[in-house]
Structures are given as structure tokens and as C-alpha cells.
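File shown: start37.cif. Contents: mmCIF, N, CA and C atoms.
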data_input
loop_
_atom_site.label_atom_id
_atom_site.label_comp_id
_atom_site.auth_asym_id
_atom_site.auth_seq_id
_atom_site.Cartn_x
_atom_site.Cartn_y
_atom_site.Cartn_z
N MET A 1 127.66 72.96 122.54
CA MET A 1 126.35 73.08 123.13
C MET A 1 125.34 72.26 122.31
N LYS A 2 124.52 71.52 123.02
CA LYS A 2 123.49 70.74 122.34
C LYS A 2 122.40 71.67 121.84
N ARG A 3 121.88 71.34 120.69
CA ARG A 3 120.87 72.19 120.05
C ARG A 3 119.48 71.65 120.34
N SER A 4 118.98 71.94 121.51
CA SER A 4 117.62 71.52 121.86
C SER A 4 116.82 72.76 122.26
N PHE A 5 115.52 72.61 122.24
CA PHE A 5 114.63 73.73 122.56
C PHE A 5 114.90 74.27 123.96
N ASP A 6 115.02 73.37 124.93
CA ASP A 6 115.21 73.82 126.31
C ASP A 6 116.56 74.50 126.50
N LYS A 7 117.60 73.99 125.89
CA LYS A 7 118.94 74.62 126.01
C LYS A 7 118.94 75.99 125.35
N PHE A 8 118.30 76.09 124.18
CA PHE A 8 118.24 77.39 123.51
C PHE A 8 117.42 78.38 124.34
N TYR A 9 116.34 77.92 124.93
CA TYR A 9 115.50 78.77 125.77
C TYR A 9 116.32 79.40 126.91
N PHE A 10 117.09 78.59 127.61
CA PHE A 10 117.89 79.11 128.72
C PHE A 10 119.02 80.01 128.21
N PHE A 11 119.61 79.66 127.10
CA PHE A 11 120.65 80.50 126.50
C PHE A 11 120.08 81.84 126.06
N PHE A 12 118.89 81.80 125.48
CA PHE A 12 118.19 83.00 125.03
C PHE A 12 117.96 83.95 126.20
N LYS A 13 117.39 83.41 127.29
CA LYS A 13 117.10 84.22 128.47
C LYS A 13 118.38 84.80 129.08
N LYS A 14 119.41 83.98 129.15
CA LYS A 14 120.69 84.44 129.73
C LYS A 14 121.31 85.54 128.87
N THR A 15 121.24 85.39 127.55
CA THR A 15 121.84 86.35 126.63
C THR A 15 121.16 87.70 126.71
N LEU A 16 119.85 87.71 126.89
CA LEU A 16 119.09 88.97 126.86
C LEU A 16 118.77 89.55 128.24
N LYS A 17 119.18 88.88 129.31
CA LYS A 17 118.77 89.32 130.65
C LYS A 17 119.23 90.74 130.99
N ASN A 18 120.34 91.19 130.44
CA ASN A 18 120.81 92.55 130.71
C ASN A 18 120.21 93.59 129.76
N SER A 19 119.54 93.13 128.73
CA SER A 19 118.95 94.03 127.75
C SER A 19 117.50 94.42 128.08
N TYR A 20 116.83 93.60 128.88
CA TYR A 20 115.42 93.82 129.22
C TYR A 20 115.25 93.74 130.73
N ASP A 21 114.45 94.65 131.27
CA ASP A 21 114.22 94.67 132.71
C ASP A 21 113.30 93.56 133.18
N ASP A 22 112.33 93.22 132.35
CA ASP A 22 111.29 92.28 132.74
C ASP A 22 111.53 90.90 132.10
N PRO A 23 111.74 89.87 132.92
CA PRO A 23 111.91 88.51 132.37
C PRO A 23 110.72 88.05 131.53
N LYS A 24 109.52 88.55 131.83
CA LYS A 24 108.34 88.17 131.05
C LYS A 24 108.42 88.72 129.63
N GLU A 25 109.06 89.88 129.49
CA GLU A 25 109.23 90.44 128.15
C GLU A 25 110.17 89.56 127.32
N ILE A 26 111.23 89.07 127.96
CA ILE A 26 112.16 88.17 127.27
C ILE A 26 111.42 86.90 126.84
N GLU A 27 110.58 86.40 127.71
CA GLU A 27 109.81 85.19 127.39
C GLU A 27 108.86 85.45 126.22
N SER A 28 108.19 86.58 126.22
CA SER A 28 107.29 86.93 125.12
C SER A 28 108.05 87.02 123.81
N ILE A 29 109.21 87.64 123.84
CA ILE A 29 110.05 87.77 122.64
C ILE A 29 110.50 86.39 122.17
N PHE A 30 110.86 85.53 123.11
CA PHE A 30 111.26 84.16 122.77
C PHE A 30 110.15 83.46 121.98
N PHE A 31 108.93 83.53 122.50
CA PHE A 31 107.83 82.83 121.83
C PHE A 31 107.46 83.48 120.51
N LEU A 32 107.57 84.79 120.39
CA LEU A 32 107.35 85.44 119.09
C LEU A 32 108.36 84.92 118.06
N LEU A 33 109.62 84.85 118.46
CA LEU A 33 110.67 84.37 117.56
C LEU A 33 110.44 82.90 117.19
N MET A 34 110.21 82.08 118.17
CA MET A 34 110.09 80.64 117.93
C MET A 34 108.86 80.30 117.09
N THR A 35 107.73 80.92 117.39
CA THR A 35 106.53 80.64 116.60
C THR A 35 106.70 81.14 115.17
N HIS A 36 107.47 82.20 115.00
CA HIS A 36 107.73 82.71 113.65
C HIS A 36 108.64 81.73 112.88
N ILE A 37 109.73 81.34 113.49
CA ILE A 37 110.72 80.46 112.82
C ILE A 37 110.11 79.08 112.53
N PHE A 38 109.38 78.54 113.50
CA PHE A 38 108.85 77.18 113.34
C PHE A 38 107.44 77.15 112.76
N LYS A 39 106.87 78.33 112.48
CA LYS A 39 105.55 78.44 111.85
C LYS A 39 104.51 77.58 112.60
N CYS A 40 104.43 77.81 113.91
CA CYS A 40 103.50 77.06 114.74
C CYS A 40 102.98 77.97 115.85
N ASP A 41 102.18 77.41 116.74
CA ASP A 41 101.67 78.21 117.85
C ASP A 41 102.52 78.00 119.11
N LYS A 42 102.20 78.79 120.12
CA LYS A 42 102.96 78.75 121.37
C LYS A 42 102.87 77.38 122.06
N THR A 43 101.72 76.75 121.98
CA THR A 43 101.53 75.44 122.61
C THR A 43 102.51 74.41 122.03
N THR A 44 102.71 74.46 120.73
CA THR A 44 103.65 73.54 120.08
C THR A 44 105.07 73.78 120.59
N ILE A 45 105.43 75.04 120.73
CA ILE A 45 106.78 75.36 121.25
C ILE A 45 106.90 74.88 122.69
N LEU A 46 105.87 75.08 123.49
CA LEU A 46 105.91 74.61 124.89
C LEU A 46 106.08 73.09 124.95
N LEU A 47 105.41 72.37 124.06
CA LEU A 47 105.56 70.91 124.01
C LEU A 47 107.00 70.52 123.63
N GLN A 48 107.54 71.22 122.65
CA GLN A 48 108.91 70.91 122.22
C GLN A 48 109.91 71.24 123.33
N LEU A 49 109.63 72.29 124.09
CA LEU A 49 110.48 72.63 125.24
C LEU A 49 110.42 71.53 126.29
N SER A 50 109.22 71.11 126.63
CA SER A 50 109.06 70.10 127.68
C SER A 50 109.64 68.76 127.27
N ARG A 51 109.60 68.45 125.99
CA ARG A 51 110.15 67.18 125.49
C ARG A 51 111.65 67.27 125.20
N LYS A 52 112.19 68.49 125.32
CA LYS A 52 113.62 68.75 125.07
C LYS A 52 114.02 68.28 123.67
N GLU A 53 113.14 68.59 122.73
CA GLU A 53 113.38 68.17 121.35
C GLU A 53 114.58 68.90 120.76
N LYS A 54 115.22 68.25 119.83
CA LYS A 54 116.40 68.81 119.16
C LYS A 54 116.00 69.82 118.10
N ILE A 55 116.91 70.75 117.82
CA ILE A 55 116.71 71.75 116.78
C ILE A 55 117.70 71.47 115.66
N ASN A 56 117.20 71.42 114.45
CA ASN A 56 118.04 71.23 113.26
C ASN A 56 119.16 72.27 113.26
N PHE A 57 120.35 71.86 112.83
CA PHE A 57 121.53 72.73 112.84
C PHE A 57 121.30 74.04 112.09
N LEU A 58 120.74 73.97 110.88
CA LEU A 58 120.53 75.19 110.09
C LEU A 58 119.51 76.12 110.74
N VAL A 59 118.48 75.54 111.32
CA VAL A 59 117.48 76.35 112.02
C VAL A 59 118.11 76.98 113.26
N TYR A 60 118.93 76.20 113.94
CA TYR A 60 119.61 76.71 115.13
C TYR A 60 120.51 77.89 114.78
N GLU A 61 121.22 77.81 113.68
CA GLU A 61 122.07 78.91 113.22
C GLU A 61 121.23 80.17 112.96
N THR A 62 120.07 80.00 112.37
CA THR A 62 119.15 81.12 112.13
C THR A 62 118.71 81.73 113.46
N LEU A 63 118.37 80.88 114.42
CA LEU A 63 117.95 81.36 115.73
C LEU A 63 119.06 82.16 116.41
N ILE A 64 120.28 81.69 116.31
CA ILE A 64 121.41 82.39 116.92
C ILE A 64 121.60 83.76 116.26
N LYS A 65 121.49 83.82 114.95
CA LYS A 65 121.61 85.12 114.23
C LYS A 65 120.53 86.09 114.70
N LYS A 66 119.30 85.59 114.83
CA LYS A 66 118.20 86.44 115.30
C LYS A 66 118.43 86.89 116.74
N LEU A 67 118.97 86.00 117.56
CA LEU A 67 119.28 86.34 118.95
C LEU A 67 120.31 87.47 119.02
N TRP A 68 121.31 87.43 118.16
CA TRP A 68 122.33 88.50 118.17
C TRP A 68 121.74 89.83 117.73
N GLU A 69 120.78 89.77 116.80
CA GLU A 69 120.09 91.00 116.41
C GLU A 69 119.34 91.58 117.61
N LEU A 70 118.69 90.72 118.37
CA LEU A 70 117.97 91.17 119.56
C LEU A 70 118.94 91.72 120.61
N LYS A 71 120.08 91.08 120.73
CA LYS A 71 121.10 91.52 121.70
C LYS A 71 121.57 92.94 121.36
N LYS A 72 121.54 93.28 120.07
CA LYS A 72 121.94 94.62 119.62
C LYS A 72 120.77 95.60 119.70
N ASN A 73 119.73 95.23 120.44
CA ASN A 73 118.55 96.07 120.68
C ASN A 73 117.68 96.31 119.45
N ARG A 74 117.73 95.44 118.50
CA ARG A 74 116.83 95.53 117.35
C ARG A 74 115.48 94.98 117.78
N PRO A 75 114.39 95.71 117.55
CA PRO A 75 113.08 95.23 117.99
C PRO A 75 112.71 93.89 117.34
N ILE A 76 112.02 93.06 118.11
CA ILE A 76 111.62 91.74 117.62
C ILE A 76 110.79 91.84 116.35
N GLN A 77 109.99 92.89 116.22
CA GLN A 77 109.16 93.04 115.02
C GLN A 77 110.03 93.20 113.78
N TYR A 78 111.14 93.91 113.89
CA TYR A 78 112.05 94.05 112.76
C TYR A 78 112.83 92.75 112.53
N VAL A 79 113.15 92.06 113.60
CA VAL A 79 113.89 90.80 113.49
C VAL A 79 113.08 89.76 112.73
N ILE A 80 111.78 89.67 113.02
CA ILE A 80 110.94 88.68 112.33
C ILE A 80 110.22 89.25 111.12
N GLY A 81 110.26 90.59 110.97
CA GLY A 81 109.69 91.22 109.78
C GLY A 81 108.19 91.38 109.78
N LYS A 82 107.58 91.27 110.97
CA LYS A 82 106.13 91.45 111.03
C LYS A 82 105.72 91.93 112.41
N SER A 83 104.52 92.51 112.44
CA SER A 83 103.93 92.99 113.68
C SER A 83 102.44 92.74 113.61
N TYR A 84 101.80 92.69 114.76
CA TYR A 84 100.37 92.44 114.81
C TYR A 84 99.65 93.70 115.28
N PHE A 85 98.50 93.96 114.65
CA PHE A 85 97.70 95.14 114.97
C PHE A 85 96.25 94.77 114.73
N PHE A 86 95.41 94.90 115.77
CA PHE A 86 94.00 94.53 115.67
C PHE A 86 93.84 93.11 115.14
N ASN A 87 94.67 92.21 115.62
CA ASN A 87 94.65 90.80 115.23
C ASN A 87 94.93 90.58 113.75
N MET A 88 95.63 91.53 113.14
CA MET A 88 96.04 91.39 111.75
C MET A 88 97.56 91.45 111.69
N GLU A 89 98.13 90.73 110.75
CA GLU A 89 99.58 90.71 110.58
C GLU A 89 100.00 91.76 109.55
N PHE A 90 101.01 92.55 109.91
CA PHE A 90 101.55 93.58 109.02
C PHE A 90 103.04 93.36 108.84
N LEU A 91 103.51 93.52 107.61
CA LEU A 91 104.94 93.43 107.34
C LEU A 91 105.59 94.74 107.77
N VAL A 92 106.71 94.63 108.46
CA VAL A 92 107.43 95.82 108.91
C VAL A 92 108.93 95.65 108.69
N ASN A 93 109.59 96.78 108.52
CA ASN A 93 111.05 96.84 108.50
C ASN A 93 111.46 98.20 109.03
N GLU A 94 112.74 98.53 108.95
CA GLU A 94 113.23 99.77 109.52
C GLU A 94 112.67 101.02 108.84
N LYS A 95 112.07 100.87 107.70
CA LYS A 95 111.48 102.01 106.98
C LYS A 95 110.05 102.30 107.44
N VAL A 96 109.53 101.48 108.34
CA VAL A 96 108.15 101.57 108.79
C VAL A 96 108.12 101.59 110.32
N PHE A 97 107.28 102.46 110.87
CA PHE A 97 107.09 102.44 112.32
C PHE A 97 106.39 101.15 112.73
N ILE A 98 106.76 100.64 113.88
CA ILE A 98 106.11 99.46 114.42
C ILE A 98 104.77 99.89 115.01
N PRO A 99 103.67 99.25 114.61
CA PRO A 99 102.37 99.60 115.18
C PRO A 99 102.38 99.47 116.71
N ARG A 100 101.80 100.46 117.37
CA ARG A 100 101.82 100.53 118.84
C ARG A 100 100.46 100.18 119.44
N PRO A 101 100.45 99.63 120.64
CA PRO A 101 99.18 99.36 121.32
C PRO A 101 98.33 100.62 121.50
N GLU A 102 98.99 101.76 121.72
CA GLU A 102 98.26 103.02 121.88
C GLU A 102 97.51 103.37 120.59
N THR A 103 98.08 103.00 119.46
CA THR A 103 97.43 103.27 118.19
C THR A 103 96.21 102.37 118.01
N GLU A 104 96.27 101.16 118.54
CA GLU A 104 95.09 100.29 118.53
C GLU A 104 93.97 100.96 119.32
N GLU A 105 94.32 101.59 120.43
CA GLU A 105 93.32 102.29 121.23
C GLU A 105 92.69 103.43 120.42
N LEU A 106 93.51 104.13 119.64
CA LEU A 106 93.00 105.20 118.79
C LEU A 106 92.00 104.66 117.77
N VAL A 107 92.35 103.56 117.12
CA VAL A 107 91.45 102.95 116.12
C VAL A 107 90.17 102.50 116.81
N TYR A 108 90.27 101.90 117.96
CA TYR A 108 89.10 101.47 118.71
C TYR A 108 88.21 102.67 119.04
N TRP A 109 88.82 103.77 119.48
CA TRP A 109 88.08 104.99 119.82
C TRP A 109 87.35 105.53 118.58
N VAL A 110 88.02 105.57 117.44
CA VAL A 110 87.39 106.04 116.21
C VAL A 110 86.18 105.18 115.87
N LEU A 111 86.33 103.88 115.99
CA LEU A 111 85.22 102.97 115.68
C LEU A 111 84.06 103.15 116.66
N GLN A 112 84.38 103.33 117.94
CA GLN A 112 83.33 103.51 118.96
C GLN A 112 82.58 104.82 118.78
N ASN A 113 83.28 105.86 118.36
CA ASN A 113 82.67 107.18 118.23
C ASN A 113 82.06 107.43 116.86
N ASN A 114 82.12 106.45 116.00
CA ASN A 114 81.55 106.59 114.66
C ASN A 114 80.74 105.36 114.32
N LYS A 115 79.73 105.11 115.12
CA LYS A 115 78.88 103.93 114.91
C LYS A 115 78.19 103.99 113.55
N ASN A 116 77.86 105.20 113.10
CA ASN A 116 77.26 105.37 111.78
C ASN A 116 78.40 105.45 110.77
N THR A 117 78.85 104.30 110.32
CA THR A 117 80.05 104.21 109.49
C THR A 117 79.88 104.79 108.09
N LYS A 118 78.66 105.09 107.72
CA LYS A 118 78.45 105.65 106.37
C LYS A 118 79.10 107.03 106.22
N ASN A 119 79.30 107.74 107.32
CA ASN A 119 79.86 109.09 107.28
C ASN A 119 81.36 109.13 107.54
N VAL A 120 81.99 108.00 107.78
CA VAL A 120 83.41 107.97 108.09
C VAL A 120 84.23 107.97 106.81
N GLN A 121 85.17 108.90 106.74
CA GLN A 121 86.11 108.93 105.61
C GLN A 121 87.51 108.73 106.17
N ILE A 122 88.28 107.92 105.48
CA ILE A 122 89.64 107.62 105.92
C ILE A 122 90.62 108.11 104.87
N PHE A 123 91.61 108.86 105.33
CA PHE A 123 92.64 109.38 104.44
C PHE A 123 93.98 109.10 105.09
N ASP A 124 94.79 108.30 104.46
CA ASP A 124 96.07 107.87 105.05
C ASP A 124 97.13 107.85 103.96
N ILE A 125 98.07 108.77 104.07
CA ILE A 125 99.15 108.82 103.07
C ILE A 125 100.50 108.76 103.77
N GLY A 126 101.29 107.77 103.41
CA GLY A 126 102.68 107.69 103.85
C GLY A 126 102.88 107.69 105.35
N THR A 127 102.00 107.01 106.08
CA THR A 127 102.16 107.00 107.53
C THR A 127 102.83 105.74 108.05
N GLY A 128 103.33 104.91 107.19
CA GLY A 128 104.04 103.73 107.66
C GLY A 128 103.47 102.44 107.10
N SER A 129 103.12 101.53 108.00
CA SER A 129 102.66 100.20 107.59
C SER A 129 101.25 100.23 107.01
N GLY A 130 100.51 101.31 107.26
CA GLY A 130 99.12 101.39 106.80
C GLY A 130 98.16 100.73 107.75
N CYS A 131 98.64 100.37 108.95
CA CYS A 131 97.82 99.60 109.87
C CYS A 131 96.55 100.34 110.30
N ILE A 132 96.62 101.66 110.47
CA ILE A 132 95.45 102.41 110.92
C ILE A 132 94.35 102.36 109.87
N SER A 133 94.68 102.74 108.65
CA SER A 133 93.65 102.78 107.61
C SER A 133 93.14 101.38 107.26
N ILE A 134 94.02 100.40 107.23
CA ILE A 134 93.59 99.03 106.90
C ILE A 134 92.68 98.48 107.99
N ALA A 135 93.07 98.69 109.26
CA ALA A 135 92.24 98.19 110.37
C ALA A 135 90.87 98.88 110.36
N LEU A 136 90.87 100.20 110.18
CA LEU A 136 89.59 100.92 110.13
C LEU A 136 88.72 100.43 108.98
N LYS A 137 89.31 100.31 107.83
CA LYS A 137 88.55 99.88 106.65
C LYS A 137 87.96 98.49 106.85
N LYS A 138 88.76 97.55 107.34
CA LYS A 138 88.26 96.19 107.56
C LYS A 138 87.17 96.16 108.62
N LYS A 139 87.38 96.87 109.71
CA LYS A 139 86.39 96.87 110.79
C LYS A 139 85.11 97.57 110.35
N ILE A 140 85.23 98.65 109.59
CA ILE A 140 84.05 99.37 109.09
C ILE A 140 83.27 98.49 108.12
N LEU A 141 83.97 97.75 107.26
CA LEU A 141 83.29 96.83 106.35
C LEU A 141 82.51 95.77 107.13
N ILE A 142 83.10 95.27 108.19
CA ILE A 142 82.42 94.27 109.01
C ILE A 142 81.20 94.89 109.69
N LEU A 143 81.37 96.10 110.24
CA LEU A 143 80.23 96.78 110.88
C LEU A 143 79.11 97.04 109.90
N ASP A 144 79.48 97.47 108.68
CA ASP A 144 78.47 97.75 107.65
C ASP A 144 77.65 96.50 107.32
N LYS A 145 78.29 95.34 107.28
CA LYS A 145 77.58 94.10 106.97
C LYS A 145 76.54 93.78 108.03
N PHE A 146 76.87 94.07 109.29
CA PHE A 146 75.95 93.76 110.38
C PHE A 146 74.83 94.79 110.51
N THR A 147 75.04 95.99 110.00
CA THR A 147 74.01 97.03 110.14
C THR A 147 73.07 97.09 108.95
N GLN A 148 73.34 96.31 107.94
CA GLN A 148 72.47 96.34 106.74
C GLN A 148 71.31 95.40 106.89
#
Target encoding C-alpha cells, full file:
Amino acid sequence: MKRSFDKFYFFFKKTLKNSYDDPKEIESIFFLLMTHIFKCDKTTILLQLSRKEKINFLVYETLIKKLWELKKNRPIQYVIGKSYFFNMEFLVNEKVFIPRPETEELVYWVLQNNKNTKNVQIFDIGTGSGCISIALKKKILILDKFTQ
């Protein structure tokens, strides 16, 4: 098999089609993996796909290993070792819960209901990645700067 972006893309989708109900989810996972491995943005990956650019053998081997992890139902966040929460990057592994979109809603709700940030106290012990307390602290610091 030739090691090009477009060939890997089709192989990726074919390999995971029975693991995910929604083809858009497979596509999202593909771009998360590719942007992580190639340290670039989605637009760059789309250009490389359209140009049918080749993938270095060693990088291709890494991609195949990551694909097999995904095939075994390992979440993409654990495969790449990071997750995003409130536009911040958090390191994650199997010892840490993956930050959830519903938790972002919780943080947003806390911020909306506590406009007077001087009275907000945050206490977070051993809850995982620390995304809730870190996001609250950063957002509260930003709010405090604008209200002074």
C-alpha cells in the first residue's frame, strides 16, 4: 500500500467504520490524530490530502499503531494524550477522566452565575485532569482584569 495522505484517510475510515455509527465522528477523529502527529492545523492536512502527498515510513508506522488503538475502542484523547477544555489543552491518560462537553457547560454556568468573582472560592482535590479548577481560575483572572 502506498503511504499517502489520501490512501491513509480512506484506510482509516474503512478500518473504523464498524466501530463508530457516525462517519463525521470518524472524520473528526482522523483530523485530531493527523493534526496531533503532524503538529499542524486542519487546513494543512486538507491540503496534503488534496495533493495526495506522501507520508514518511516511520510516521506512517506511528499512524497505523494509533489506528489499531482506536480500532480497540481506545478514546482518541488517550491515543494522542491530550484533550481540549474551554479552548485549553490538557494532558490525559487512563488515570484521568477525559474532560466532557457537559463539564464545560458546568464551568460556563458557574462563571455566569458568579459575576462578582471576588466571592468565588474554588476547591478541587483529586478530580482528574484539573480542567474545572484551572478553567475557572483562568477565566476568573481574566474577568477580574476587566472589572478593575
Fill in: Best match for closeness to A:Gln112 among A:Ile140, A:Leu70, A:Asn87, A:Ile125, counting only C-alpha atoms
A:Ile140
Worksheet entry | Chain and number of each residue from the PyMOL selection byres (((chain A and resi 136 and name CA) around 10) and name CA), as a count of residues only | 19
Practice prompt. Grab the atom C of A:Gln48 to atom C of A:Phe5 distance for me, in Å with one decimal place.
Written response: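 Atom-to-atom, atom C of A:Gln48 and atom C of A:Phe5 are spaced 5.9 Å apart.
Under the PyMOL selection byres ((chain A and resi 78-82) around 7), the matching residues in the shown file are Leu33, His36, Lys66, Glu69, Leu70, Arg74, Pro75, Ile76, Gln77, Ser83, Tyr84, Glu89, Phe90, Leu91, Val92, Asn93 and Glu94 of chain A.
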Worksheet item: Which distance in Å separates atom C of A:Trp68 and atom C of A:Tyr20, to one decimal?
Response: 15.0 Å
How big is the axis-aligned box around the listed atoms of stretch 87-96 of chain A once 3 Å is added on each side, and where is its centre? Give both in Å to one decimal, as lines of an AutoDock Vina configuration file.
center_x = 103.9
center_y = 96.4
center_z = 111.3
size_x = 24.6
size_y = 17.7
size_z = 14.6
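The interatomic distance for the pair atom C of A:Ile29 and atom CA of A:Phe12 works out to 8.9 Å.
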Worksheet item: Could you write out, as a list of chain:residue names, all the residues of chain A that DSSP marks as strand (DSSP E or B)?
Response: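 Everything in chain A that counts as strand (DSSP E or B) is A:Ser4, A:Lys54, A:Lys82, A:Ser83, A:Tyr84, A:Phe85, A:Met88, A:Glu89, A:Phe90, A:Leu91.
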Practice prompt. Using DSSP on the backbone coordinates, identify all residues within stretch 32-69 of chain A classified as helix (DSSP H, G or I); present the result as a VMD selection string.
Written response: chain A and resid 32 to 38 42 to 50 57 to 69
Fill in: Nearest to A:Glu53, chosen from A:Ser28, A:Ser4, A:Phe38, A:Ile98, with all atoms listed in the file counted in the distances
A:Ser4
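With distances restricted to only C-alpha atoms, A:Ile37 is the closest residue to A:Glu61 from A:Ile37, A:Trp109, A:Leu47, A:Gly128.
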Response to the item:
Using all atoms listed in the file, the residue out of A:Asp21, A:Thr15, A:Leu106, A:Lys7 with shortest distance to A:Leu49 is A:Lys7
Worksheet item: Using only N, CA and C atoms, which residues sit within 8 Å of A:Phe57 once same-chain residues fewer than 5 positions away are excluded, as a list in words?
Response: Arg3, Thr62 and Leu63 of chain A
